[in-house]
Amino acid sequence: MLHFLQKLEVPHPPNEPRPTALLSHDVKPIEKERRVWGWPAFIALWSTIAFNMSNFQIGSSMLAIGLNWWQAFLTMLFGHILAAALVVAASFPGLSYNISFPVATRIAWGYFGSIFVVLNRIVLSIVWCGVQSWQGGLMTYVCLRAIWPSIDKMHNTIPASTGMTLQQFVSFILYFVIQLPFLFLSPKKLRYLVYAASGGGFVVQLVLCIWACCTMGSAGFGSIITSSGNKLPSSQLGWICVYSISVTISSITSGTVSVCDYARFAKSPRTGTWSQAIGFLPGWLSNVLGTLTIAATQNRYGAELWSVASLLVAIQDGNPDSKTRAGVFFAGLAFGISQIALNVVGNSFSGGTDMSSLVPKYINIRRGQLLTALLGLVINPWYLLSGAVIFISVMSAYTIFLQPFLGIVVAHYFIIQKRRIKVSDLYTLGTKSLYWYSGGINWRSVVAWVCGVVPHIPGFLRNVNPSIKVSAQATQLYYLSSFTGFLIPLFVAIGLHKVLPAPGQTDYVSSVSKSEAMEHLEEYIERLKFDFGVIQGEEASNGKTEEVLGEKEEV
């Protein structure tokens with residue numbers, strides 16, 4: 001049995017210790033040799049998250065709640081600026097201490113408490129990986145249809161109750177197979193994927209917008225631009241604007257939660273700071289290009305085709321000659337590549353990072369990515385998207401559960417721990433760790449998270465099911481959830497640690513400077529090149545692991 005378990009262990013680089021129950025090559029702090037992400041990689045990362053199918057159509061949400069086009073543009077700009085500031089703040093544990101998000105959460109939650117946070121993100125990664133794969137499948141269908149228009153003549157043998165056609169299912173499977181090799185890219189090579197995806201995504205959206213505006217003729221812009229909106233009363237307009245800003249922030253909350261996973265590979269904290277601070281611009285630009293494109297084609301096709309796949313299908317149907325089909329194919333190809341990159345960097349890599357932190361001895365990031373992708377297939381995303389409006393509403397509003405995680409981590413890093421982290425203790429079990437708290441769980445963070453979630457539950461329920469009646473105040477608080485969901489747990493966590501500080505942390509923070517904490521980090525990283533075990537109560541050397549009972553040695 002022992003031999004079988006050893007066969008299941010993840011492979012490790014030569015001359016590096018075997019993975020253990022707490023440490024592996026993917027989980028440990030990143031050494032200098034692997035810090036290869038410069039400012040172009042971070043700009044490309046956030047451009048990839050911006051120039052894709054989903055972000056292209058966000059403007060529809062703002063117009064649907066009653067804003068006119070310029071109000072939507074302005075509130076989305078404010079939202080992206082605030083989101084970029086949050087991204088930078090959340091990335092500092094990774095930028096400074098080269099640790100991933102699952103490890104960074106141990107600072108605030110304790111080792112066992114962080115598992116709750118990690119499991120939340122694993123579920124989210126699996127669901128969104130499946131959903132984004134289905135969206136990529138639709139774009140694959142657009143490409144196939146551009147090459148072989150006769151694909152629509154295939155006899156559909158799939159029942160309508162499944163929420164898909166045979167053509168869509170074949171395209172989805174093809175996309176899924178094409179996507180698989182990209183799951184094997186290392187973080188070092190992954191940056192080249194985001195270079196290609198961000199460039200292609202920007203070019204295709206810009207060209208599509210220019211084409212739509214230059215060829216709309218006398219039909220002009222549709223009501224998206226020409227209408228003055230729903231003319232909301234001034235008493236409601238302010239709240240709707242706030243809600244628009246909040247929705248914009250929440251649209252990239254899952255990416256914000258994942259930012260440490262990439263920030264830890266930064267060449268230096270500076271390169272990952274300013275390059276992410278300007279990340280608001282690609283996101284907002286995509287929103288603007290998407291809105292202008294749909295407005296310029298609205299009268300031509302008689303509808304607001306916010307789905308990029310539906311728009312490209314309509315373009316081909318409107319003029320199905322070879323030139324149009326070639327243009328549709330290359331547009332679909334660019335969107336398809338950006339969709340692959342988005343799914344890898346935004347979902348599968350995050351899921352793989354989380355899984356590897358839970359079971360580092362048997363799951364590395366690559367295995368975790370494969371599990372995330374396969375489980376995303378198992379959930380039948382086509383059915384969820386086609387037949388469950390409630391599902392879409394729940395996933396869109398799920399940010400009320402994620403935003404408190406960010407508030408708590410930011411509070412700990414900047415205020416409670418004052419940017420002085422003893423990294424070795426994040427990989428240590430037992431009372432010798434500064435972050436052990438009570439049996440491995442920081443109850444203060446649990447209380448702070450509950451305080452950040454509970455006030456928004458009534459508004460969340462109404463968003464999922466509009467027939468549920470709640471007070472106007474509850475609805476307005478939900479509109480503020482991207483702000484209050486972050487700030488409430490932040491202040492609660494700070495207050496609880498001021499009143500009831502964790503043993504040992506105050507002394508460490510007051511006695512160690514930031515530079516000394518960084519020196520300790522580099523010493524710890526150097527030691528991990530030869531020994532994974534002593535820090536956690538195991539002795540590992542030359543590929544052999546022995547339990548050291550009753551003792552844990554600290555660096």
# chains A, B, ... in the order shown; residues from 1 in each chain; ligands from 1

$ residues_around --residues "A:Leu375" --least-positions-apart "3" --cutoff "9 Å" --atoms "only C-alpha atoms" --output "tab-separated table (two decimals) with N, CA and C atoms, in the first residue's frame"
chain	number	residue	atom	x	y	z
A	126	ILE	N	-14.53	25.45	-10.58
A	126	ILE	CA	-15.10	24.33	-11.34
A	126	ILE	C	-16.32	24.78	-12.14
A	127	VAL	N	-17.22	25.50	-11.48
A	127	VAL	CA	-18.45	25.94	-12.14
A	127	VAL	C	-18.14	26.89	-13.29
A	129	CYS	N	-15.32	27.25	-14.88
A	129	CYS	CA	-14.55	26.57	-15.92
A	129	CYS	C	-15.49	25.87	-16.88
A	130	GLY	N	-16.53	25.22	-16.35
A	130	GLY	CA	-17.51	24.57	-17.21
A	130	GLY	C	-18.30	25.58	-18.03
A	370	LEU	N	-6.42	19.78	-14.42
A	370	LEU	CA	-7.16	18.74	-15.13
A	370	LEU	C	-8.44	18.36	-14.39
A	371	LEU	N	-8.33	18.23	-13.06
A	371	LEU	CA	-9.52	17.91	-12.26
A	371	LEU	C	-10.57	19.01	-12.38
A	372	THR	N	-10.12	20.27	-12.34
A	372	THR	CA	-11.05	21.39	-12.46
A	372	THR	C	-11.77	21.35	-13.79
A	378	VAL	N	-18.40	17.73	-16.06
A	378	VAL	CA	-19.39	16.87	-15.40
A	378	VAL	C	-20.65	17.64	-14.99
A	379	ILE	N	-20.52	18.93	-14.68
A	379	ILE	CA	-21.68	19.69	-14.17
A	379	ILE	C	-22.70	20.03	-15.26

$ residues_around --residues "stretch 104-110 of chain A" --least-positions-apart "2" --cutoff "10 Å" --atoms "only C-alpha atoms" --output "ChimeraX atom specification"
/A:90-94,97-102,112-118,260-261,405-406,408-413,416-417,421-423,425-427,429,433-446,493

$ residues_around --residues "A:Ala85" --least-positions-apart "4" --cutoff "9 Å" --atoms "only C-alpha atoms" --output "number ranges by chain"
A: 80-81, 89-90, 276-277, 280

$ residues_around --residues "A:Ser47" --least-positions-apart "4" --cutoff "6 Å" --atoms "only C-alpha atoms" --output "PyMOL selection string"
chain A and resi 51+198+282

$ residues_around --residues "A:Ile173" --least-positions-apart "5" --cutoff "10 Å" --atoms "only C-alpha atoms" --output "PyMOL selection string"
chain A and resi 133-134+137+140+168+178-179+377

$ closest_residue --among "A:Ile158, A:Leu119, A:Ala502, A:Val87" --to "A:Trp274" --atoms "only C-alpha atoms"
A:Val87

$ residues_around --residues "A:Asn364" --least-positions-apart "4" --cutoff "8 Å" --atoms "only C-alpha atoms" --output "list in words"
Val10, Ser24, Asp26, Gly352, Thr353, Met355, Ser356, Pro360 and Gly368 of chain A

$ write_last_selection --atoms "N, CA and C atoms" --output "short mmCIF file (atom, residue, chain, number, x, y, z; two decimals), in the first residue's frame"
data_model
loop_
_atom_site.label_atom_id
_atom_site.label_comp_id
_atom_site.auth_asym_id
_atom_site.auth_seq_id
_atom_site.Cartn_x
_atom_site.Cartn_y
_atom_site.Cartn_z
N VAL A 10 3.15 13.44 -6.46
CA VAL A 10 3.44 14.29 -7.61
C VAL A 10 4.92 14.27 -7.91
N SER A 24 5.15 21.42 -1.35
CA SER A 24 5.55 20.87 -2.64
C SER A 24 6.14 21.99 -3.46
N ASP A 26 4.94 23.41 -6.01
CA ASP A 26 3.92 24.38 -6.40
C ASP A 26 3.38 25.20 -5.23
N GLY A 352 -6.47 24.62 -9.74
CA GLY A 352 -5.31 23.76 -9.54
C GLY A 352 -4.44 24.23 -8.39
N THR A 353 -4.27 25.55 -8.27
CA THR A 353 -3.49 26.10 -7.16
C THR A 353 -4.14 25.77 -5.82
N MET A 355 -6.30 23.23 -5.13
CA MET A 355 -6.24 21.80 -4.84
C MET A 355 -4.85 21.38 -4.41
N SER A 356 -3.82 21.95 -5.04
CA SER A 356 -2.45 21.58 -4.68
C SER A 356 -2.11 22.03 -3.27
N PRO A 360 -0.83 18.72 -1.24
CA PRO A 360 0.37 18.96 -2.06
C PRO A 360 1.17 17.71 -2.38
N GLY A 368 -4.38 19.44 -10.61
CA GLY A 368 -5.54 20.19 -10.16
C GLY A 368 -6.27 20.86 -11.31
#

$ closest_residue --among "A:Cys143, A:Ile457, A:Val242, A:Leu206" --to "A:Ile337" --atoms "only C-alpha atoms"
A:Cys143

$ select_by_dssp --residues "stretch 256-466 of chain A" --states "helix (DSSP H, G or I)" --output "PyMOL selection string"
chain A and resi 256-257+259-263+269-277+280-301+308-318+322-358+365-378+381-387+389-397+399-416+423-427+443-464

$ atom_distance --atom1 "atom CA of A:Asn380" --atom2 "atom CA of A:Thr253"
24.0 Å

$ closest_residue --among "A:Gly79, A:Gly485, A:Gly327, A:Gly279" --to "A:Ala50" --atoms "only C-alpha atoms"
A:Gly279

$ closest_residue --among "A:Ala314, A:Ala517, A:Ile122, A:Leu477" --to "A:Gly346" --atoms "only C-alpha atoms"
A:Ile122

$ residues_around --residues "A:Val288" --least-positions-apart "4" --cutoff "12 Å" --atoms "only C-alpha atoms" --output "PyMOL selection string"
chain A and resi 50-51+55-60+62+69-77+205-206+209+225+281-284+292-295

$ closest_residue --among "A:Leu193, A:Lys28, A:Ser307, A:Ser268" --to "A:Glu16" --atoms "only C-alpha atoms"
A:Lys28

$ atom_distance --atom1 "atom CA of A:Ala296" --atom2 "atom CA of A:Phe221"
4.7 Å

$ atom_distance --atom1 "atom CA of A:Ala146" --atom2 "atom CA of A:Arg325"
4.9 Å

$ closest_residue --among "A:His456, A:Arg121, A:His25, A:Arg300" --to "A:Ile525" --atoms "only C-alpha atoms"
A:His25

$ decode --residues "stretch 457-471 of chain A" --atoms "all heavy atoms" --output "PDB file, in the first residue's frame"
ATOM      1  N   ILE A 457     -27.726  39.259   2.576  1.00  0.00           N
ATOM      2  CA  ILE A 457     -28.500  38.077   2.199  1.00  0.00           C
ATOM      3  C   ILE A 457     -29.901  38.439   1.688  1.00  0.00           C
ATOM      4  O   ILE A 457     -30.340  37.902   0.654  1.00  0.00           O
ATOM      5  CB  ILE A 457     -28.591  37.075   3.372  1.00  0.00           C
ATOM      6  CG1 ILE A 457     -27.210  36.461   3.653  1.00  0.00           C
ATOM      7  CG2 ILE A 457     -29.599  35.982   3.079  1.00  0.00           C
ATOM      8  CD1 ILE A 457     -26.676  35.601   2.529  1.00  0.00           C
ATOM      9  N   PRO A 458     -30.667  39.329   2.353  1.00  0.00           N
ATOM     10  CA  PRO A 458     -31.996  39.661   1.831  1.00  0.00           C
ATOM     11  C   PRO A 458     -31.946  40.196   0.398  1.00  0.00           C
ATOM     12  O   PRO A 458     -32.736  39.769  -0.463  1.00  0.00           O
ATOM     13  CB  PRO A 458     -32.502  40.730   2.808  1.00  0.00           C
ATOM     14  CG  PRO A 458     -31.784  40.436   4.083  1.00  0.00           C
ATOM     15  CD  PRO A 458     -30.430  39.991   3.665  1.00  0.00           C
ATOM     16  N   GLY A 459     -31.041  41.126   0.117  1.00  0.00           N
ATOM     17  CA  GLY A 459     -30.914  41.651  -1.239  1.00  0.00           C
ATOM     18  C   GLY A 459     -30.462  40.592  -2.222  1.00  0.00           C
ATOM     19  O   GLY A 459     -30.897  40.572  -3.381  1.00  0.00           O
ATOM     20  N   PHE A 460     -29.594  39.683  -1.754  1.00  0.00           N
ATOM     21  CA  PHE A 460     -29.143  38.571  -2.596  1.00  0.00           C
ATOM     22  C   PHE A 460     -30.310  37.678  -2.989  1.00  0.00           C
ATOM     23  O   PHE A 460     -30.461  37.298  -4.156  1.00  0.00           O
ATOM     24  CB  PHE A 460     -28.080  37.772  -1.837  1.00  0.00           C
ATOM     25  CG  PHE A 460     -27.731  36.445  -2.456  1.00  0.00           C
ATOM     26  CD1 PHE A 460     -26.889  36.377  -3.551  1.00  0.00           C
ATOM     27  CD2 PHE A 460     -28.243  35.261  -1.926  1.00  0.00           C
ATOM     28  CE1 PHE A 460     -26.562  35.151  -4.120  1.00  0.00           C
ATOM     29  CE2 PHE A 460     -27.921  34.035  -2.482  1.00  0.00           C
ATOM     30  CZ  PHE A 460     -27.076  33.974  -3.586  1.00  0.00           C
ATOM     31  N   LEU A 461     -31.152  37.348  -2.025  1.00  0.00           N
ATOM     32  CA  LEU A 461     -32.308  36.489  -2.290  1.00  0.00           C
ATOM     33  C   LEU A 461     -33.273  37.150  -3.275  1.00  0.00           C
ATOM     34  O   LEU A 461     -33.826  36.489  -4.159  1.00  0.00           O
ATOM     35  CB  LEU A 461     -33.026  36.148  -0.983  1.00  0.00           C
ATOM     36  CG  LEU A 461     -32.223  35.283   0.005  1.00  0.00           C
ATOM     37  CD1 LEU A 461     -32.991  35.105   1.304  1.00  0.00           C
ATOM     38  CD2 LEU A 461     -31.894  33.925  -0.606  1.00  0.00           C
ATOM     39  N   ARG A 462     -33.451  38.458  -3.127  1.00  0.00           N
ATOM     40  CA  ARG A 462     -34.341  39.153  -4.047  1.00  0.00           C
ATOM     41  C   ARG A 462     -33.757  39.190  -5.458  1.00  0.00           C
ATOM     42  O   ARG A 462     -34.479  39.113  -6.455  1.00  0.00           O
ATOM     43  CB  ARG A 462     -34.618  40.576  -3.564  1.00  0.00           C
ATOM     44  CG  ARG A 462     -35.672  41.296  -4.416  1.00  0.00           C
ATOM     45  CD  ARG A 462     -35.901  42.720  -3.939  1.00  0.00           C
ATOM     46  NE  ARG A 462     -36.971  43.347  -4.703  1.00  0.00           N
ATOM     47  CZ  ARG A 462     -36.835  43.862  -5.923  1.00  0.00           C
ATOM     48  NH1 ARG A 462     -35.650  43.818  -6.516  1.00  0.00           N
ATOM     49  NH2 ARG A 462     -37.852  44.408  -6.558  1.00  0.00           N
ATOM     50  N   ASN A 463     -32.448  39.312  -5.544  1.00  0.00           N
ATOM     51  CA  ASN A 463     -31.806  39.313  -6.853  1.00  0.00           C
ATOM     52  C   ASN A 463     -31.986  37.968  -7.547  1.00  0.00           C
ATOM     53  O   ASN A 463     -32.155  37.903  -8.765  1.00  0.00           O
ATOM     54  CB  ASN A 463     -30.316  39.635  -6.705  1.00  0.00           C
ATOM     55  CG  ASN A 463     -29.602  39.730  -8.037  1.00  0.00           C
ATOM     56  OD1 ASN A 463     -29.782  40.686  -8.783  1.00  0.00           O
ATOM     57  ND2 ASN A 463     -28.769  38.747  -8.335  1.00  0.00           N
ATOM     58  N   VAL A 464     -31.940  36.900  -6.755  1.00  0.00           N
ATOM     59  CA  VAL A 464     -32.126  35.557  -7.302  1.00  0.00           C
ATOM     60  C   VAL A 464     -33.582  35.312  -7.657  1.00  0.00           C
ATOM     61  O   VAL A 464     -33.904  34.737  -8.699  1.00  0.00           O
ATOM     62  CB  VAL A 464     -31.628  34.502  -6.294  1.00  0.00           C
ATOM     63  CG1 VAL A 464     -31.976  33.100  -6.758  1.00  0.00           C
ATOM     64  CG2 VAL A 464     -30.125  34.637  -6.090  1.00  0.00           C
ATOM     65  N   ASN A 465     -34.481  35.785  -6.802  1.00  0.00           N
ATOM     66  CA  ASN A 465     -35.921  35.577  -7.016  1.00  0.00           C
ATOM     67  C   ASN A 465     -36.650  36.894  -6.767  1.00  0.00           C
ATOM     68  O   ASN A 465     -36.953  37.237  -5.627  1.00  0.00           O
ATOM     69  CB  ASN A 465     -36.438  34.490  -6.075  1.00  0.00           C
ATOM     70  CG  ASN A 465     -37.897  34.149  -6.331  1.00  0.00           C
ATOM     71  OD1 ASN A 465     -38.546  34.736  -7.204  1.00  0.00           O
ATOM     72  ND2 ASN A 465     -38.422  33.195  -5.573  1.00  0.00           N
ATOM     73  N   PRO A 466     -36.939  37.667  -7.822  1.00  0.00           N
ATOM     74  CA  PRO A 466     -37.563  38.986  -7.666  1.00  0.00           C
ATOM     75  C   PRO A 466     -38.917  38.962  -6.963  1.00  0.00           C
ATOM     76  O   PRO A 466     -39.390  40.012  -6.505  1.00  0.00           O
ATOM     77  CB  PRO A 466     -37.720  39.476  -9.115  1.00  0.00           C
ATOM     78  CG  PRO A 466     -36.673  38.731  -9.879  1.00  0.00           C
ATOM     79  CD  PRO A 466     -36.592  37.384  -9.228  1.00  0.00           C
ATOM     80  N   SER A 467     -39.553  37.796  -6.872  1.00  0.00           N
ATOM     81  CA  SER A 467     -40.859  37.734  -6.200  1.00  0.00           C
ATOM     82  C   SER A 467     -40.731  37.862  -4.682  1.00  0.00           C
ATOM     83  O   SER A 467     -41.709  38.114  -3.990  1.00  0.00           O
ATOM     84  CB  SER A 467     -41.563  36.415  -6.540  1.00  0.00           C
ATOM     85  OG  SER A 467     -40.834  35.307  -6.030  1.00  0.00           O
ATOM     86  N   ILE A 468     -39.501  37.688  -4.168  1.00  0.00           N
ATOM     87  CA  ILE A 468     -39.276  37.833  -2.733  1.00  0.00           C
ATOM     88  C   ILE A 468     -39.297  39.317  -2.373  1.00  0.00           C
ATOM     89  O   ILE A 468     -38.618  40.124  -2.988  1.00  0.00           O
ATOM     90  CB  ILE A 468     -37.927  37.202  -2.323  1.00  0.00           C
ATOM     91  CG1 ILE A 468     -37.948  35.692  -2.574  1.00  0.00           C
ATOM     92  CG2 ILE A 468     -37.612  37.491  -0.860  1.00  0.00           C
ATOM     93  CD1 ILE A 468     -36.631  35.016  -2.280  1.00  0.00           C
ATOM     94  N   LYS A 469     -40.084  39.668  -1.370  1.00  0.00           N
ATOM     95  CA  LYS A 469     -40.223  41.064  -0.960  1.00  0.00           C
ATOM     96  C   LYS A 469     -39.250  41.385   0.162  1.00  0.00           C
ATOM     97  O   LYS A 469     -39.213  40.686   1.178  1.00  0.00           O
ATOM     98  CB  LYS A 469     -41.663  41.339  -0.499  1.00  0.00           C
ATOM     99  CG  LYS A 469     -42.724  41.020  -1.545  1.00  0.00           C
ATOM    100  CD  LYS A 469     -42.580  41.887  -2.796  1.00  0.00           C
ATOM    101  CE  LYS A 469     -43.674  41.576  -3.814  1.00  0.00           C
ATOM    102  NZ  LYS A 469     -43.506  42.369  -5.059  1.00  0.00           N
ATOM    103  N   VAL A 470     -38.468  42.429  -0.046  1.00  0.00           N
ATOM    104  CA  VAL A 470     -37.560  42.912   1.001  1.00  0.00           C
ATOM    105  C   VAL A 470     -37.700  44.429   1.072  1.00  0.00           C
ATOM    106  O   VAL A 470     -38.257  45.062   0.167  1.00  0.00           O
ATOM    107  CB  VAL A 470     -36.093  42.520   0.716  1.00  0.00           C
ATOM    108  CG1 VAL A 470     -35.931  41.020   0.662  1.00  0.00           C
ATOM    109  CG2 VAL A 470     -35.600  43.164  -0.574  1.00  0.00           C
ATOM    110  N   SER A 471     -37.180  45.017   2.134  1.00  0.00           N
ATOM    111  CA  SER A 471     -37.289  46.459   2.306  1.00  0.00           C
ATOM    112  C   SER A 471     -36.394  47.202   1.310  1.00  0.00           C
ATOM    113  O   SER A 471     -35.440  46.637   0.763  1.00  0.00           O
ATOM    114  CB  SER A 471     -36.896  46.853   3.735  1.00  0.00           C
ATOM    115  OG  SER A 471     -35.519  46.597   3.945  1.00  0.00           O
TER     116      SER A 471
END
